[in-house]
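> Have a peek at data29.cif (mmCIF, C-alpha atoms, pLDDT in the B column; chains and numbers go by the auth columns).
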data_work
loop_
_atom_site.group_PDB
_atom_site.id
_atom_site.type_symbol
_atom_site.label_atom_id
_atom_site.label_comp_id
_atom_site.label_asym_id
_atom_site.label_seq_id
_atom_site.Cartn_x
_atom_site.Cartn_y
_atom_site.Cartn_z
_atom_site.B_iso_or_equiv
_atom_site.auth_seq_id
_atom_site.auth_asym_id
ATOM 1 C CA MET A 1 27.128 20.680 9.863 56.00 176 A
ATOM 2 C CA LYS A 2 23.637 21.997 10.646 57.00 177 A
ATOM 3 C CA LYS A 3 22.282 18.438 10.799 58.00 178 A
ATOM 4 C CA ILE A 4 25.050 17.405 13.224 59.00 179 A
ATOM 5 C CA LEU A 5 24.306 20.367 15.474 55.00 180 A
ATOM 6 C CA SER A 6 20.587 19.657 15.283 68.00 181 A
ATOM 7 C CA LEU A 7 21.145 16.005 16.254 71.00 182 A
ATOM 8 C CA LYS A 8 23.373 17.137 19.121 76.00 183 A
ATOM 9 C CA ASN A 9 20.636 19.482 20.361 79.00 184 A
ATOM 10 C CA VAL A 10 18.066 16.687 20.244 76.00 185 A
ATOM 11 C CA ILE A 11 20.324 14.276 22.169 83.00 186 A
ATOM 12 C CA VAL A 12 21.168 16.862 24.839 86.00 187 A
ATOM 13 C CA SER A 13 17.530 17.897 25.218 84.00 188 A
ATOM 14 C CA LEU A 14 16.265 14.317 25.560 84.00 189 A
ATOM 15 C CA ALA A 15 19.091 13.392 27.947 87.00 190 A
ATOM 16 C CA ALA A 16 18.227 16.386 30.143 89.00 191 A
ATOM 17 C CA LEU A 17 14.550 15.408 30.126 87.00 192 A
ATOM 18 C CA ILE A 18 15.344 11.814 31.136 88.00 193 A
ATOM 19 C CA LEU A 19 17.705 13.065 33.854 90.00 194 A
ATOM 20 C CA ILE A 20 15.010 15.337 35.303 91.00 195 A
ATOM 21 C CA TRP A 21 12.572 12.418 35.194 86.00 196 A
ATOM 22 C CA GLN A 22 15.065 10.151 36.995 87.00 197 A
ATOM 23 C CA LEU A 23 15.770 12.785 39.642 89.00 198 A
ATOM 24 C CA ALA A 24 12.060 13.372 40.174 87.00 199 A
ATOM 25 C CA PHE A 25 11.595 9.605 40.623 84.00 200 A
ATOM 26 C CA HIS A 26 14.569 9.347 42.985 82.00 201 A
ATOM 27 C CA PHE A 27 13.427 12.146 45.297 83.00 202 A
ATOM 28 C CA SER A 28 9.723 11.461 45.001 81.00 203 A
ATOM 29 C CA SER A 29 7.791 10.042 47.936 79.00 204 A
ATOM 30 C CA TYR A 30 5.263 8.353 45.643 79.00 205 A
ATOM 31 C CA SER A 31 5.170 4.613 45.085 77.00 206 A
ATOM 32 C CA SER A 32 6.890 3.393 41.914 75.00 207 A
ATOM 33 C CA ALA A 33 3.535 1.874 40.932 76.00 208 A
ATOM 34 C CA LEU A 34 2.160 5.420 40.652 79.00 209 A
ATOM 35 C CA PHE A 35 5.266 7.239 39.408 86.00 210 A
ATOM 36 C CA PRO A 36 7.690 4.866 37.634 88.00 211 A
ATOM 37 C CA SER A 37 11.300 5.520 36.678 89.00 212 A
ATOM 38 C CA PRO A 38 12.508 5.903 33.085 90.00 213 A
ATOM 39 C CA LYS A 39 13.844 2.328 33.189 90.00 214 A
ATOM 40 C CA MET A 40 10.465 0.978 34.314 91.00 215 A
ATOM 41 C CA ALA A 41 8.753 2.861 31.480 90.00 216 A
ATOM 42 C CA PHE A 42 11.352 1.527 29.027 91.00 217 A
ATOM 43 C CA ASP A 43 10.772 -2.033 30.265 91.00 218 A
ATOM 44 C CA ALA A 44 7.025 -1.515 29.807 92.00 219 A
ATOM 45 C CA LEU A 45 7.693 -0.276 26.272 92.00 220 A
ATOM 46 C CA ILE A 46 9.652 -3.452 25.479 93.00 221 A
ATOM 47 C CA GLU A 47 6.842 -5.518 27.003 92.00 222 A
ATOM 48 C CA MET A 48 4.243 -3.853 24.757 92.00 223 A
ATOM 49 C CA ILE A 49 6.437 -4.318 21.688 92.00 224 A
ATOM 50 C CA LYS A 50 6.923 -8.009 22.434 92.00 225 A
ATOM 51 C CA ASN A 51 3.230 -8.756 23.002 91.00 226 A
ATOM 52 C CA GLY A 52 2.239 -6.728 19.933 88.00 227 A
ATOM 53 C CA THR A 53 -0.201 -4.364 21.656 90.00 228 A
ATOM 54 C CA LEU A 54 1.864 -1.235 21.000 92.00 229 A
ATOM 55 C CA LEU A 55 2.249 -1.753 17.267 93.00 230 A
ATOM 56 C CA GLU A 56 -1.414 -2.691 16.903 93.00 231 A
ATOM 57 C CA ASN A 57 -2.562 0.420 18.766 92.00 232 A
ATOM 58 C CA ILE A 58 -0.165 2.642 16.792 93.00 233 A
ATOM 59 C CA LYS A 59 -1.534 1.210 13.549 93.00 234 A
ATOM 60 C CA THR A 60 -5.124 1.800 14.672 92.00 235 A
ATOM 61 C CA SER A 61 -4.418 5.373 15.782 92.00 236 A
ATOM 62 C CA MET A 62 -2.506 6.233 12.605 93.00 237 A
ATOM 63 C CA LEU A 63 -5.324 4.965 10.374 93.00 238 A
ATOM 64 C CA ARG A 64 -7.838 7.081 12.296 92.00 239 A
ATOM 65 C CA PHE A 65 -5.530 10.071 12.201 93.00 240 A
ATOM 66 C CA ALA A 66 -4.917 9.766 8.467 94.00 241 A
ATOM 67 C CA ALA A 67 -8.644 9.472 7.724 94.00 242 A
ATOM 68 C CA GLY A 68 -9.627 12.462 9.857 93.00 243 A
ATOM 69 C CA TYR A 69 -6.678 14.748 9.164 94.00 244 A
ATOM 70 C CA ILE A 70 -6.362 14.257 5.398 94.00 245 A
ATOM 71 C CA SER A 71 -10.110 14.564 4.776 96.00 246 A
ATOM 72 C CA SER A 72 -10.239 17.696 6.947 95.00 247 A
ATOM 73 C CA VAL A 73 -7.293 19.358 5.180 95.00 248 A
ATOM 74 C CA VAL A 74 -8.641 18.592 1.697 95.00 249 A
ATOM 75 C CA ILE A 75 -12.133 19.885 2.451 96.00 250 A
ATOM 76 C CA ALA A 76 -10.884 22.934 4.384 95.00 251 A
ATOM 77 C CA VAL A 77 -8.444 23.927 1.616 94.00 252 A
ATOM 78 C CA LEU A 78 -11.065 23.538 -1.117 93.00 253 A
ATOM 79 C CA LEU A 79 -13.628 25.519 0.859 94.00 254 A
ATOM 80 C CA GLY A 80 -11.009 28.124 1.783 93.00 255 A
ATOM 81 C CA LEU A 81 -10.014 28.610 -1.857 90.00 256 A
ATOM 82 C CA ILE A 82 -13.661 29.242 -2.742 90.00 257 A
ATOM 83 C CA LEU A 83 -14.462 31.549 0.189 91.00 258 A
ATOM 84 C CA GLY A 84 -11.174 33.394 -0.233 88.00 259 A
ATOM 85 C CA ARG A 85 -12.294 34.454 -3.704 84.00 260 A
ATOM 86 C CA LEU A 86 -15.758 35.401 -2.411 87.00 261 A
ATOM 87 C CA PRO A 87 -15.026 37.832 0.448 86.00 262 A
ATOM 88 C CA LYS A 88 -18.573 39.214 0.567 90.00 263 A
ATOM 89 C CA ILE A 89 -19.973 35.741 1.193 91.00 264 A
ATOM 90 C CA PHE A 90 -17.251 34.992 3.740 90.00 265 A
ATOM 91 C CA GLN A 91 -18.352 38.053 5.708 91.00 266 A
ATOM 92 C CA TYR A 92 -21.558 36.147 6.488 92.00 267 A
ATOM 93 C CA VAL A 93 -19.805 32.806 7.052 91.00 268 A
ATOM 94 C CA ASN A 94 -17.020 34.171 9.277 92.00 269 A
ATOM 95 C CA PRO A 95 -19.164 34.949 12.370 93.00 270 A
ATOM 96 C CA ALA A 96 -20.385 31.348 12.487 93.00 271 A
ATOM 97 C CA VAL A 97 -16.832 30.069 12.021 92.00 272 A
ATOM 98 C CA GLN A 98 -15.531 32.313 14.810 92.00 273 A
ATOM 99 C CA LEU A 99 -18.329 31.087 17.087 92.00 274 A
ATOM 100 C CA LEU A 100 -17.569 27.406 16.491 91.00 275 A
ATOM 101 C CA ARG A 101 -13.761 27.618 16.279 90.00 276 A
ATOM 102 C CA PRO A 102 -12.989 28.116 20.026 90.00 277 A
ATOM 103 C CA ILE A 103 -15.188 25.187 21.089 90.00 278 A
ATOM 104 C CA SER A 104 -13.095 22.160 22.007 87.00 279 A
ATOM 105 C CA PRO A 105 -13.806 19.234 19.653 88.00 280 A
ATOM 106 C CA THR A 106 -14.266 16.958 22.672 85.00 281 A
ATOM 107 C CA ALA A 107 -17.225 19.112 23.755 87.00 282 A
ATOM 108 C CA TRP A 108 -19.094 17.633 20.791 87.00 283 A
ATOM 109 C CA MET A 109 -18.307 14.070 21.897 84.00 284 A
ATOM 110 C CA PRO A 110 -21.741 13.283 23.459 84.00 285 A
ATOM 111 C CA PHE A 111 -23.479 14.247 20.214 88.00 286 A
ATOM 112 C CA ILE A 112 -20.868 12.481 18.072 85.00 287 A
ATOM 113 C CA VAL A 113 -21.250 9.248 20.052 82.00 288 A
ATOM 114 C CA LEU A 114 -25.042 9.614 19.880 83.00 289 A
ATOM 115 C CA LEU A 115 -24.896 9.936 16.091 85.00 290 A
ATOM 116 C CA PHE A 116 -22.118 7.481 15.263 81.00 291 A
ATOM 117 C CA GLY A 117 -21.851 5.186 18.298 76.00 292 A
ATOM 118 C CA ILE A 118 -18.438 4.154 19.660 75.00 293 A
ATOM 119 C CA GLY A 119 -15.503 2.934 17.609 74.00 294 A
ATOM 120 C CA ASP A 120 -13.430 4.514 14.860 80.00 295 A
ATOM 121 C CA VAL A 121 -15.852 7.162 13.604 85.00 296 A
ATOM 122 C CA PRO A 122 -16.063 9.370 16.741 86.00 297 A
ATOM 123 C CA ALA A 123 -12.264 9.674 16.913 87.00 298 A
ATOM 124 C CA ILE A 124 -12.095 10.463 13.179 90.00 299 A
ATOM 125 C CA VAL A 125 -14.766 13.148 13.531 90.00 300 A
ATOM 126 C CA ILE A 126 -12.902 14.699 16.487 91.00 301 A
ATOM 127 C CA ILE A 127 -9.703 14.850 14.415 92.00 302 A
ATOM 128 C CA PHE A 128 -11.626 16.349 11.483 94.00 303 A
ATOM 129 C CA ILE A 129 -13.065 19.138 13.639 93.00 304 A
ATOM 130 C CA ALA A 130 -9.712 19.844 15.313 93.00 305 A
ATOM 131 C CA ALA A 131 -7.902 20.298 11.986 94.00 306 A
ATOM 132 C CA PHE A 132 -10.669 21.993 10.008 95.00 307 A
ATOM 133 C CA PHE A 133 -10.786 25.556 11.324 94.00 308 A
ATOM 134 C CA PRO A 134 -7.024 26.360 11.342 93.00 309 A
ATOM 135 C CA VAL A 135 -6.693 25.190 7.743 94.00 310 A
ATOM 136 C CA LEU A 136 -9.882 26.907 6.573 95.00 311 A
ATOM 137 C CA LEU A 137 -9.013 30.294 8.090 93.00 312 A
ATOM 138 C CA SER A 138 -5.387 30.215 6.953 93.00 313 A
ATOM 139 C CA THR A 139 -6.492 29.344 3.414 93.00 314 A
ATOM 140 C CA VAL A 140 -9.073 32.133 3.267 93.00 315 A
ATOM 141 C CA SER A 141 -6.520 34.602 4.624 91.00 316 A
ATOM 142 C CA ALA A 142 -3.836 33.403 2.205 89.00 317 A
ATOM 143 C CA VAL A 143 -6.091 33.702 -0.835 87.00 318 A
ATOM 144 C CA GLY A 144 -7.257 37.147 0.255 83.00 319 A
ATOM 145 C CA SER A 145 -3.693 38.434 0.656 82.00 320 A
ATOM 146 C CA ILE A 146 -2.374 37.314 -2.748 79.00 321 A
ATOM 147 C CA ASP A 147 -0.593 40.090 -4.612 74.00 322 A
ATOM 148 C CA PRO A 148 -3.075 41.445 -7.217 74.00 323 A
ATOM 149 C CA ILE A 149 -0.294 41.477 -9.795 76.00 324 A
ATOM 150 C CA TYR A 150 -0.591 37.682 -10.079 70.00 325 A
ATOM 151 C CA LEU A 151 -4.248 37.976 -11.030 70.00 326 A
ATOM 152 C CA LYS A 152 -3.596 40.815 -13.475 72.00 327 A
ATOM 153 C CA VAL A 153 -0.868 38.857 -15.241 71.00 328 A
ATOM 154 C CA SER A 154 -3.119 35.785 -15.338 69.00 329 A
ATOM 155 C CA ARG A 155 -5.913 37.781 -16.975 72.00 330 A
ATOM 156 C CA ASN A 156 -3.464 39.182 -19.514 67.00 331 A
ATOM 157 C CA PHE A 157 -2.450 35.655 -20.450 64.00 332 A
ATOM 158 C CA GLY A 158 -6.090 34.572 -20.648 67.00 333 A
ATOM 159 C CA ILE A 159 -5.903 32.096 -17.758 68.00 334 A
ATOM 160 C CA LYS A 160 -9.408 31.292 -16.536 70.00 335 A
ATOM 161 C CA GLN A 161 -10.981 29.057 -13.926 73.00 336 A
ATOM 162 C CA PRO A 162 -10.290 26.366 -12.856 72.00 337 A
ATOM 163 C CA SER A 163 -6.706 26.773 -14.118 71.00 338 A
ATOM 164 C CA LEU A 164 -6.460 30.150 -12.376 71.00 339 A
ATOM 165 C CA THR A 165 -7.098 28.529 -8.985 72.00 340 A
ATOM 166 C CA TRP A 166 -4.762 25.560 -9.353 72.00 341 A
ATOM 167 C CA LYS A 167 -1.950 27.129 -11.386 75.00 342 A
ATOM 168 C CA VAL A 168 -1.831 30.626 -9.871 76.00 343 A
ATOM 169 C CA ILE A 169 -3.867 31.167 -6.692 78.00 344 A
ATOM 170 C CA PHE A 170 -3.081 27.920 -4.879 80.00 345 A
ATOM 171 C CA PRO A 171 0.709 27.983 -5.490 81.00 346 A
ATOM 172 C CA ALA A 172 0.881 31.676 -4.516 80.00 347 A
ATOM 173 C CA ALA A 173 -1.101 31.085 -1.319 83.00 348 A
ATOM 174 C CA PHE A 174 0.485 27.748 -0.408 86.00 349 A
ATOM 175 C CA PRO A 175 3.232 29.006 1.974 85.00 350 A
ATOM 176 C CA GLN A 176 0.598 30.589 4.233 87.00 351 A
ATOM 177 C CA ILE A 177 -1.781 27.645 3.786 90.00 352 A
ATOM 178 C CA ALA A 178 1.075 25.338 4.833 89.00 353 A
ATOM 179 C CA ASN A 179 1.335 27.201 8.137 88.00 354 A
ATOM 180 C CA GLY A 180 -2.306 26.390 8.863 90.00 355 A
ATOM 181 C CA ILE A 181 -1.832 22.765 7.814 92.00 356 A
ATOM 182 C CA HIS A 182 1.182 22.543 10.110 89.00 357 A
ATOM 183 C CA LEU A 183 -0.699 24.055 13.036 89.00 358 A
ATOM 184 C CA ALA A 184 -3.626 21.705 12.415 92.00 359 A
ATOM 185 C CA LEU A 185 -1.329 18.673 12.530 92.00 360 A
ATOM 186 C CA GLY A 186 -0.397 19.202 16.166 89.00 361 A
ATOM 187 C CA THR A 187 -3.954 20.073 17.167 90.00 362 A
ATOM 188 C CA ALA A 188 -5.388 17.031 15.402 92.00 363 A
ATOM 189 C CA TRP A 189 -2.809 14.685 16.955 91.00 364 A
ATOM 190 C CA ILE A 190 -3.638 15.988 20.433 88.00 365 A
ATOM 191 C CA PHE A 191 -7.355 15.465 19.941 89.00 366 A
ATOM 192 C CA LEU A 192 -6.878 12.026 18.391 86.00 367 A
ATOM 193 C CA VAL A 193 -5.660 10.849 21.792 82.00 368 A
ATOM 194 C CA ALA A 194 -8.487 12.688 23.552 81.00 369 A
ATOM 195 C CA GLY A 195 -11.051 11.170 21.205 81.00 370 A
ATOM 196 C CA GLU A 196 -9.706 7.656 21.728 83.00 371 A
ATOM 197 C CA MET A 197 -9.754 8.105 25.476 77.00 372 A
ATOM 198 C CA VAL A 198 -13.505 8.707 25.361 72.00 373 A
ATOM 199 C CA GLY A 199 -15.076 7.029 22.357 64.00 374 A
ATOM 200 C CA ALA A 200 -12.842 4.118 21.332 73.00 375 A
ATOM 201 C CA GLN A 201 -11.891 0.639 22.449 80.00 376 A
ATOM 202 C CA SER A 202 -8.452 0.616 20.835 83.00 377 A
ATOM 203 C CA GLY A 203 -5.610 2.969 19.917 88.00 378 A
ATOM 204 C CA LEU A 204 -3.029 4.895 21.916 90.00 379 A
ATOM 205 C CA GLY A 205 -5.597 7.024 23.748 88.00 380 A
ATOM 206 C CA TYR A 206 -7.500 3.925 24.828 88.00 381 A
ATOM 207 C CA GLN A 207 -4.208 2.324 25.883 91.00 382 A
ATOM 208 C CA ILE A 208 -3.636 5.228 28.304 90.00 383 A
ATOM 209 C CA ILE A 209 -7.069 4.769 29.870 89.00 384 A
ATOM 210 C CA ASP A 210 -6.603 1.001 30.042 88.00 385 A
ATOM 211 C CA ALA A 211 -3.208 1.420 31.738 90.00 386 A
ATOM 212 C CA ARG A 212 -4.710 3.833 34.248 87.00 387 A
ATOM 213 C CA ASN A 213 -7.565 1.448 35.046 87.00 388 A
ATOM 214 C CA ASN A 214 -5.091 -1.403 35.582 88.00 389 A
ATOM 215 C CA ILE A 215 -2.757 0.790 37.665 87.00 390 A
ATOM 216 C CA ARG A 216 0.070 0.365 35.156 89.00 391 A
ATOM 217 C CA ALA A 217 1.684 3.782 35.326 90.00 392 A
ATOM 218 C CA ASP A 218 4.768 2.387 33.571 90.00 393 A
ATOM 219 C CA ILE A 219 2.696 1.510 30.501 92.00 394 A
ATOM 220 C CA LEU A 220 0.899 4.845 30.756 92.00 395 A
ATOM 221 C CA LEU A 221 4.139 6.857 30.726 91.00 396 A
ATOM 222 C CA ALA A 222 5.649 4.674 27.997 93.00 397 A
ATOM 223 C CA THR A 223 2.588 5.334 25.852 93.00 398 A
ATOM 224 C CA ILE A 224 2.848 9.077 26.497 92.00 399 A
ATOM 225 C CA VAL A 225 6.473 8.991 25.303 92.00 400 A
ATOM 226 C CA VAL A 226 5.444 7.065 22.167 93.00 401 A
ATOM 227 C CA ILE A 227 2.720 9.627 21.435 92.00 402 A
ATOM 228 C CA GLY A 228 5.284 12.427 21.719 90.00 403 A
ATOM 229 C CA VAL A 229 7.788 10.666 19.461 91.00 404 A
ATOM 230 C CA ILE A 230 5.152 9.989 16.792 92.00 405 A
ATOM 231 C CA GLY A 231 4.092 13.634 16.976 90.00 406 A
ATOM 232 C CA ILE A 232 7.690 14.733 16.330 88.00 407 A
ATOM 233 C CA LEU A 233 8.005 12.307 13.399 90.00 408 A
ATOM 234 C CA LEU A 234 4.746 13.500 11.856 91.00 409 A
ATOM 235 C CA ASP A 235 5.879 17.107 12.207 89.00 410 A
ATOM 236 C CA GLY A 236 9.180 16.284 10.504 88.00 411 A
ATOM 237 C CA LEU A 237 7.496 14.411 7.655 90.00 412 A
ATOM 238 C CA LEU A 238 5.109 17.306 7.063 89.00 413 A
ATOM 239 C CA LYS A 239 8.033 19.755 6.928 87.00 414 A
ATOM 240 C CA LEU A 240 9.744 17.576 4.325 87.00 415 A
ATOM 241 C CA ALA A 241 6.540 17.410 2.271 86.00 416 A
ATOM 242 C CA GLU A 242 6.137 21.196 2.428 83.00 417 A
ATOM 243 C CA LYS A 243 9.746 21.747 1.316 83.00 418 A
ATOM 244 C CA PHE A 244 9.316 19.282 -1.550 83.00 419 A
ATOM 245 C CA ILE A 245 6.165 21.033 -2.788 80.00 420 A
ATOM 246 C CA LEU A 246 7.709 24.500 -2.480 76.00 421 A
ATOM 247 C CA ARG A 247 10.858 23.339 -4.238 78.00 422 A
ATOM 248 C CA SER A 248 8.815 21.873 -7.105 75.00 423 A
ATOM 249 C CA TRP A 249 7.150 25.281 -7.514 67.00 424 A
ATOM 250 C CA GLY A 250 10.435 27.146 -7.237 60.00 425 A
ATOM 251 C CA GLY A 251 9.588 28.543 -3.828 55.00 426 A
ATOM 252 C CA ALA A 252 12.313 26.910 -1.719 51.00 427 A
ATOM 253 C CA GLU A 253 15.993 26.132 -2.022 49.00 428 A
#
Could you render the structure as structure tokens?


Amino acid sequence: MKKILSLKNVIVSLAALILIWQLAFHFSSYSSALFPSPKMAFDALIEMIKNGTLLENIKTSMLRFAAGYISSVVIAVLLGLILGRLPKIFQYVNPAVQLLRPISPTAWMPFIVLLFGIGDVPAIVIIFIAAFFPVLLSTVSAVGSIDPIYLKVSRNFGIKQPSLTWKVIFPAAFPQIANGIHLALGTAWIFLVAGEMVGAQSGLGYQIIDARNNIRADILLATIVVIGVIGILLDGLLKLAEKFILRSWGGAE
């Protein structure tokens, strides 16, 4: 029943969004070349599917995203598990992290392009930076807030490192770590597009810039819709993965 209601909510929400778009197009004084209707964007979507450009750009973007996001999460979690158990050291690391964290990843783009040139690597580095700090800080916080009873019981049973980290600390901290991973997903996906708009010659971000340069607002809006849909799918897949992991550890129904 919940799934039916959820599907109904999605359909109603999307229908309302399309209706608002259509009304805005109908009453707009702008040329359709600058502000296309939903049908024009849909036709552009079909055009991109038929000529293969959409699928190719999605594939390129997803490979970049996977490389940057997964590597960032793995490194941030590992580093967070270490620093979370060494609070005195983290006191010295934290000011530098707090200084760098608010800086937009795209602000580093001139230096990234200088170091790595244009292509896949700049976009991957942008994604890595965007995902790194939320996951690192959530992991450190999660490890630091673990109930001491877990550690006492572990010592009583003679559990030592590295088993203590992987069998006790990480599972206990995972629900809070998952929040950071989830937050980082949306941030990384946003900055993937930004990175491709500046330092790449392919991908969904580049497709937006190319459509703008060719005055194809229909393709531009169709690509924006595709980016949003992929973001929703990624979010859903991550939720399923989190539930599966928690269920395997006895932490979810």

> With the PyMOL selection byres ((chain A and resi 376-380) around 8) as the selection, what would be picked from this file? Answer as a list in words, please.

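When the PyMOL selection byres ((chain A and resi 376-380) around 8) is applied, the selected residues are Leu229, Glu231, Asn232, Ile233, Lys234, Thr235, Ser236, Ile293, Gly294, Leu367, Val368, Ala369, Gly370, Glu371, Met372, Gly374, Ala375, Tyr381, Gln382, Ile383, Ile384, Thr398 and Ile402 of chain A.
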
> Set the distance at 10 Å and use all atoms listed in the file: which residues neighbour Ile302 in chain A once local chain neighbours fewer than 4 positions away are removed? I'd like the list as a ChimeraX atom specification.

/A:239-247,280-281,296-298,306-307,359-360,362-370

> Write out the residues from the selection above, keeping C-alpha atoms, as a PDB file, in the coordinates of the input.


ATOM      1  CA  ARG A 239      -7.838   7.081  12.296  1.00 92.00           C
ATOM      2  CA  PHE A 240      -5.530  10.071  12.201  1.00 93.00           C
ATOM      3  CA  ALA A 241      -4.917   9.766   8.467  1.00 94.00           C
ATOM      4  CA  ALA A 242      -8.644   9.472   7.724  1.00 94.00           C
ATOM      5  CA  GLY A 243      -9.627  12.462   9.857  1.00 93.00           C
ATOM      6  CA  TYR A 244      -6.678  14.748   9.164  1.00 94.00           C
ATOM      7  CA  ILE A 245      -6.362  14.257   5.398  1.00 94.00           C
ATOM      8  CA  SER A 246     -10.110  14.564   4.776  1.00 96.00           C
ATOM      9  CA  SER A 247     -10.239  17.696   6.947  1.00 95.00           C
ATOM     10  CA  PRO A 280     -13.806  19.234  19.653  1.00 88.00           C
ATOM     11  CA  THR A 281     -14.266  16.958  22.672  1.00 85.00           C
ATOM     12  CA  VAL A 296     -15.852   7.162  13.604  1.00 85.00           C
ATOM     13  CA  PRO A 297     -16.063   9.370  16.741  1.00 86.00           C
ATOM     14  CA  ALA A 298     -12.264   9.674  16.913  1.00 87.00           C
ATOM     15  CA  ALA A 306      -7.902  20.298  11.986  1.00 94.00           C
ATOM     16  CA  PHE A 307     -10.669  21.993  10.008  1.00 95.00           C
ATOM     17  CA  ALA A 359      -3.626  21.705  12.415  1.00 92.00           C
ATOM     18  CA  LEU A 360      -1.329  18.673  12.530  1.00 92.00           C
ATOM     19  CA  THR A 362      -3.954  20.073  17.167  1.00 90.00           C
ATOM     20  CA  ALA A 363      -5.388  17.031  15.402  1.00 92.00           C
ATOM     21  CA  TRP A 364      -2.809  14.685  16.955  1.00 91.00           C
ATOM     22  CA  ILE A 365      -3.638  15.988  20.433  1.00 88.00           C
ATOM     23  CA  PHE A 366      -7.355  15.465  19.941  1.00 89.00           C
ATOM     24  CA  LEU A 367      -6.878  12.026  18.391  1.00 86.00           C
ATOM     25  CA  VAL A 368      -5.660  10.849  21.792  1.00 82.00           C
ATOM     26  CA  ALA A 369      -8.487  12.688  23.552  1.00 81.00           C
ATOM     27  CA  GLY A 370     -11.051  11.170  21.205  1.00 81.00           C
TER      28      GLY A 370
END

> At what distance in Å, to one decimal, does CA of Leu289 in chain A lie from CA of Pro270 in chain A?

27.1 Å

> Apply the PyMOL selection byres ((chain A and resi 213-215) around 8) to the displayed file and report the matching residues as a list in words.

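For this structure, the PyMOL selection byres ((chain A and resi 213-215) around 8) resolves to Ile193, Trp196, Gln197, Pro211, Ser212, Ala216, Phe217, Asp218, Ala219 and Asp393 of chain A.
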
> Run the PyMOL selection byres ((chain A and resi 343) around 12) mentally over the shown coordinates, then write out the matched residues as a list in words, using the chain letters and numbers from the document.

Leu256, Val318, Ile321, Asp322, Pro323, Ile324, Tyr325, Leu326, Lys327, Val328, Ser329, Arg330, Phe332, Ile334, Lys335, Gln336, Pro337, Ser338, Leu339, Thr340, Trp341, Lys342, Ile344, Phe345, Pro346, Ala347, Ala348, Phe349 and Trp424 of chain A

> Restricting the calculation to all atoms listed in the file, which member of A:Ala353, A:Val272, A:Leu220, A:Ala191 is positioned closest to Leu415 in chain A?

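Residue with the minimum atom-to-atom distance to Leu415 in chain A: A:Ala353.
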
> Between A:Gln351, A:Gly406, A:Ala251, A:Phe210, which one has atoms that come closest to Ile394 in chain A, using only C-alpha atoms?

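For Ile394 in chain A, the nearest of the candidates is A:Phe210.
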
> Using all atoms listed in the file, pick whichever of A:Val373, A:Ile405, A:Leu311, A:Leu209 has the shortest atom-to-atom distance to Ala282 in chain A.

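That would be A:Val373, the residue with the smallest distance to Ala282 in chain A.
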
> Which one of A:Ile301, A:Leu253, A:Val248, A:Ile287 sits closest to Leu358 in chain A if you count only C-alpha atoms?

A:Val248

> Could you please determine the separation between CA of Ile420 in chain A and CA of Ile299 in chain A in Å, to one decimal place?

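CA of Ile420 in chain A sits 26.5 Å away from CA of Ile299 in chain A.
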
> What is the CA of Arg387 in chain A to CA of Ser206 in chain A distance in Å?

14.7 Å

> Using the block above, I'd like range 274-285 of chain A written out, keeping N, CA and C atoms and formatting it as a JSON list (two decimals), in the first residue's frame.


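Saved as out-v5.json:
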[["chain", "number", "residue", "atom", "x", "y", "z"],
["A", 274, "LEU", "N", 38.55, 24.83, 7.11],
["A", 274, "LEU", "CA", 38.95, 25.90, 6.19],
["A", 274, "LEU", "C", 38.69, 25.52, 4.75],
["A", 275, "LEU", "N", 38.98, 24.27, 4.40],
["A", 275, "LEU", "CA", 38.87, 23.82, 3.01],
["A", 275, "LEU", "C", 37.44, 23.41, 2.64],
["A", 276, "ARG", "N", 36.67, 22.94, 3.62],
["A", 276, "ARG", "CA", 35.35, 22.37, 3.35],
["A", 276, "ARG", "C", 34.39, 23.35, 2.67],
["A", 277, "PRO", "N", 34.31, 24.64, 3.07],
["A", 277, "PRO", "CA", 33.32, 25.53, 2.44],
["A", 277, "PRO", "C", 33.69, 25.99, 1.03],
["A", 278, "ILE", "N", 34.92, 25.72, 0.60],
["A", 278, "ILE", "CA", 35.36, 26.19, -0.72],
["A", 278, "ILE", "C", 34.73, 25.31, -1.79],
["A", 279, "SER", "N", 34.07, 25.93, -2.74],
["A", 279, "SER", "CA", 33.45, 25.18, -3.83],
["A", 279, "SER", "C", 34.51, 24.40, -4.61],
["A", 280, "PRO", "N", 34.26, 23.13, -4.91],
["A", 280, "PRO", "CA", 35.23, 22.36, -5.69],
["A", 280, "PRO", "C", 35.60, 22.99, -7.02],
["A", 281, "THR", "N", 34.64, 23.70, -7.64],
["A", 281, "THR", "CA", 34.92, 24.33, -8.93],
["A", 281, "THR", "C", 35.92, 25.48, -8.80],
["A", 282, "ALA", "N", 36.10, 26.00, -7.58],
["A", 282, "ALA", "CA", 37.09, 27.07, -7.38],
["A", 282, "ALA", "C", 38.50, 26.55, -7.63],
["A", 283, "TRP", "N", 38.68, 25.24, -7.46],
["A", 283, "TRP", "CA", 39.99, 24.63, -7.69],
["A", 283, "TRP", "C", 40.23, 24.29, -9.16],
["A", 284, "MET", "N", 39.21, 24.51, -10.00],
["A", 284, "MET", "CA", 39.30, 24.06, -11.39],
["A", 284, "MET", "C", 40.52, 24.58, -12.14],
["A", 285, "PRO", "N", 40.89, 25.88, -12.02],
["A", 285, "PRO", "CA", 42.08, 26.34, -12.76],
["A", 285, "PRO", "C", 43.35, 25.55, -12.40]]
